[in-house]
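For reference, the structure discussed in these notes is given below.
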Amino acid sequence: MKTNFNTLYENWVLGNKIEIPENEIFSLYKNYLNERTEEICGKCTPCRDGIIAIKKLIVKFENKKANSADLRYLKDLINNLRASRCAVGLDTGSNSEVIFDKYYNVFKNCVGDFND
């Protein structure tokens, strides 16, 4: 069964099993963010600028060109989505938090200068 990124957060809250193949995490996440980008109204900065910045960072992680500052910045951008005024930013933030928390090691393994 294919994972529906739009319902990751609610499935996580309900305790349902969430499985995304690690080798597909970045491509699936980028596709999800591309879909969400089309729905951005542009009124609030966390959503308007944050989702675009997250998409750029995901490419860096996918290409294994990210550094530890990128890892922290990604976490900050995801957390900032909580301040969005619309459902697009809030939902994207909630679902992104699940992805980042559950697959943190996948992100971390793409960082060349990771220091715990």
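Within each chain, counting starts at residue 1; across the structure tokens, chains are named A, B, ... in the order shown, with ligands numbered 1 upward in that order.
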
Problem set entry | Polymer residues at most 9 Å from Asp91 of chain A, only C-alpha atoms, same-chain spacing of 2 or more positions, as a PyMOL selection string | chain A and resi 6-7+9+81-82+86-89+93-96

Exercise. If you run DSSP on this backbone, which residues of segment 44-95 of chain A come out as helix (DSSP H, G or I), and could you give them as JSON, numbers by chain?
Worked result: {"A": [45, 46, 47, 48, 49, 50, 51, 52, 53, 54, 55, 56, 57, 58, 59, 60, 61, 62, 68, 69, 70, 71, 72, 73, 74, 75, 76, 77, 78, 79, 80, 81, 82, 83, 87, 88, 89, 90, 91, 92, 93, 94, 95]}

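For the set A:Ile99, A:Leu90, A:Leu77, A:Ile51, the residue with the smallest atom-to-atom gap to Tyr29 of chain A is A:Ile99, counting only C-alpha atoms.
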
For this session: Find the residues near Asn63 of chain A: any atom within 9 Å, counting only C-alpha atoms, skip ones fewer than 4 places away on the same chain, and give them as a PyMOL selection string.
Result: chain A and resi 58-59+110

Produce a file of the selected residues containing C-alpha atoms, as a tab-separated table (two decimals), in the first residue's frame.
```tsv
chain	number	residue	atom	x	y	z
A	58	ILE	CA	15.55	18.08	0.14
A	59	VAL	CA	17.44	18.17	-3.16
A	110	CYS	CA	23.18	12.35	3.91
```

For this session: Find the residues near Val111 of chain A: any atom within 12 Å, counting only C-alpha atoms, skip ones fewer than 4 places away on the same chain, and give them as a ChimeraX atom specification.
Result: /A:57-58,60-72,104-107,115-116

Store the residues picked out above, limited to N, CA, C and O atoms, as an mmCIF file, in the first residue's frame.
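Final output, selection_31.cif:
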```cif
data_model
loop_
_atom_site.group_PDB
_atom_site.id
_atom_site.type_symbol
_atom_site.label_atom_id
_atom_site.label_comp_id
_atom_site.auth_asym_id
_atom_site.auth_seq_id
_atom_site.Cartn_x
_atom_site.Cartn_y
_atom_site.Cartn_z
ATOM 1 N N LEU A 57 16.230 22.251 0.099
ATOM 2 C CA LEU A 57 17.056 21.459 1.013
ATOM 3 C C LEU A 57 16.937 19.965 0.731
ATOM 4 O O LEU A 57 17.929 19.232 0.812
ATOM 5 N N ILE A 58 15.749 19.506 0.409
ATOM 6 C CA ILE A 58 15.552 18.078 0.144
ATOM 7 C C ILE A 58 16.419 17.638 -1.031
ATOM 8 O O ILE A 58 16.994 16.546 -1.018
ATOM 9 N N LYS A 60 19.324 18.877 -1.779
ATOM 10 C CA LYS A 60 20.672 18.753 -1.228
ATOM 11 C C LYS A 60 20.852 17.438 -0.478
ATOM 12 O O LYS A 60 21.877 16.767 -0.619
ATOM 13 N N PHE A 61 19.863 17.060 0.312
ATOM 14 C CA PHE A 61 19.947 15.791 1.042
ATOM 15 C C PHE A 61 19.945 14.614 0.070
ATOM 16 O O PHE A 61 20.719 13.677 0.220
ATOM 17 N N GLU A 62 19.096 14.697 -0.917
ATOM 18 C CA GLU A 62 18.995 13.620 -1.911
ATOM 19 C C GLU A 62 20.323 13.420 -2.640
ATOM 20 O O GLU A 62 20.720 12.293 -2.928
ATOM 21 N N ASN A 63 21.015 14.511 -2.916
ATOM 22 C CA ASN A 63 22.297 14.455 -3.623
ATOM 23 C C ASN A 63 23.489 14.298 -2.686
ATOM 24 O O ASN A 63 24.632 14.372 -3.124
ATOM 25 N N LYS A 64 23.180 14.113 -1.388
ATOM 26 C CA LYS A 64 24.208 13.941 -0.346
ATOM 27 C C LYS A 64 25.189 15.127 -0.310
ATOM 28 O O LYS A 64 26.375 14.957 -0.108
ATOM 29 N N LYS A 65 24.649 16.328 -0.499
ATOM 30 C CA LYS A 65 25.454 17.552 -0.455
ATOM 31 C C LYS A 65 25.058 18.440 0.716
ATOM 32 O O LYS A 65 25.478 19.582 0.804
ATOM 33 N N ALA A 66 24.267 17.902 1.616
ATOM 34 C CA ALA A 66 23.824 18.671 2.777
ATOM 35 C C ALA A 66 24.892 18.645 3.860
ATOM 36 O O ALA A 66 25.727 17.738 3.913
ATOM 37 N N ASN A 67 24.860 19.667 4.705
ATOM 38 C CA ASN A 67 25.768 19.695 5.854
ATOM 39 C C ASN A 67 24.933 19.788 7.133
ATOM 40 O O ASN A 67 23.706 19.837 7.082
ATOM 41 N N SER A 68 25.608 19.799 8.266
ATOM 42 C CA SER A 68 24.876 19.789 9.541
ATOM 43 C C SER A 68 24.038 21.060 9.719
ATOM 44 O O SER A 68 22.977 21.017 10.339
ATOM 45 N N ALA A 69 24.487 22.178 9.163
ATOM 46 C CA ALA A 69 23.688 23.409 9.238
ATOM 47 C C ALA A 69 22.386 23.250 8.446
ATOM 48 O O ALA A 69 21.339 23.744 8.866
ATOM 49 N N ASP A 70 22.445 22.530 7.328
ATOM 50 C CA ASP A 70 21.237 22.266 6.547
ATOM 51 C C ASP A 70 20.250 21.412 7.333
ATOM 52 O O ASP A 70 19.045 21.631 7.268
ATOM 53 N N LEU A 71 20.774 20.463 8.092
ATOM 54 C CA LEU A 71 19.918 19.606 8.911
ATOM 55 C C LEU A 71 19.184 20.435 9.967
ATOM 56 O O LEU A 71 17.974 20.287 10.149
ATOM 57 N N ARG A 72 19.896 21.337 10.618
ATOM 58 C CA ARG A 72 19.271 22.219 11.623
ATOM 59 C C ARG A 72 18.279 23.175 10.970
ATOM 60 O O ARG A 72 17.191 23.433 11.496
ATOM 61 N N TYR A 104 14.738 10.572 10.559
ATOM 62 C CA TYR A 104 15.859 11.446 10.905
ATOM 63 C C TYR A 104 17.196 10.829 10.498
ATOM 64 O O TYR A 104 18.060 11.521 9.951
ATOM 65 N N ASN A 105 17.373 9.542 10.729
ATOM 66 C CA ASN A 105 18.647 8.899 10.389
ATOM 67 C C ASN A 105 18.919 8.893 8.893
ATOM 68 O O ASN A 105 20.069 8.952 8.471
ATOM 69 N N VAL A 106 17.871 8.836 8.082
ATOM 70 C CA VAL A 106 18.053 8.915 6.629
ATOM 71 C C VAL A 106 18.598 10.291 6.265
ATOM 72 O O VAL A 106 19.529 10.408 5.471
ATOM 73 N N PHE A 107 18.033 11.332 6.868
ATOM 74 C CA PHE A 107 18.525 12.687 6.631
ATOM 75 C C PHE A 107 19.956 12.832 7.147
ATOM 76 O O PHE A 107 20.830 13.335 6.450
ATOM 77 N N ASN A 115 27.883 16.147 13.243
ATOM 78 C CA ASN A 115 28.432 16.037 14.589
ATOM 79 C C ASN A 115 27.284 15.938 15.554
ATOM 80 O O ASN A 115 26.405 16.771 15.547
ATOM 81 N N ASP A 116 27.275 14.907 16.376
ATOM 82 C CA ASP A 116 26.188 14.712 17.341
ATOM 83 C C ASP A 116 26.162 15.768 18.383
ATOM 84 O O ASP A 116 26.909 16.309 18.973
#
```

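Straight-line separation from atom CA of Thr45 of chain A to atom CA of Lys30 of chain A: 19.7 Å.
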
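Nearest residue to Asp101 of chain A among A:Leu33, A:Leu28, A:Ile18, A:Ile52 is A:Ile18, counting only C-alpha atoms.
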
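Shortest atom-to-atom contact with Phe100 of chain A among A:Asn79, A:Asn31, A:Asn16, A:Ser84: A:Asn79, counting only C-alpha atoms.
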
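With distances restricted to only C-alpha atoms, A:Val98 is the closest residue to Glu10 of chain A from A:Cys41, A:Ile78, A:Val98, A:Ile54.
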
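Computed from the coordinates, the atom CA of Ala53 of chain A to atom CA of Tyr73 of chain A distance equals 9.4 Å.
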
Exercise. So how many Å separate atom CA of Arg48 of chain A and atom CA of Leu74 of chain A, to one decimal?
Worked result: 15.0 Å
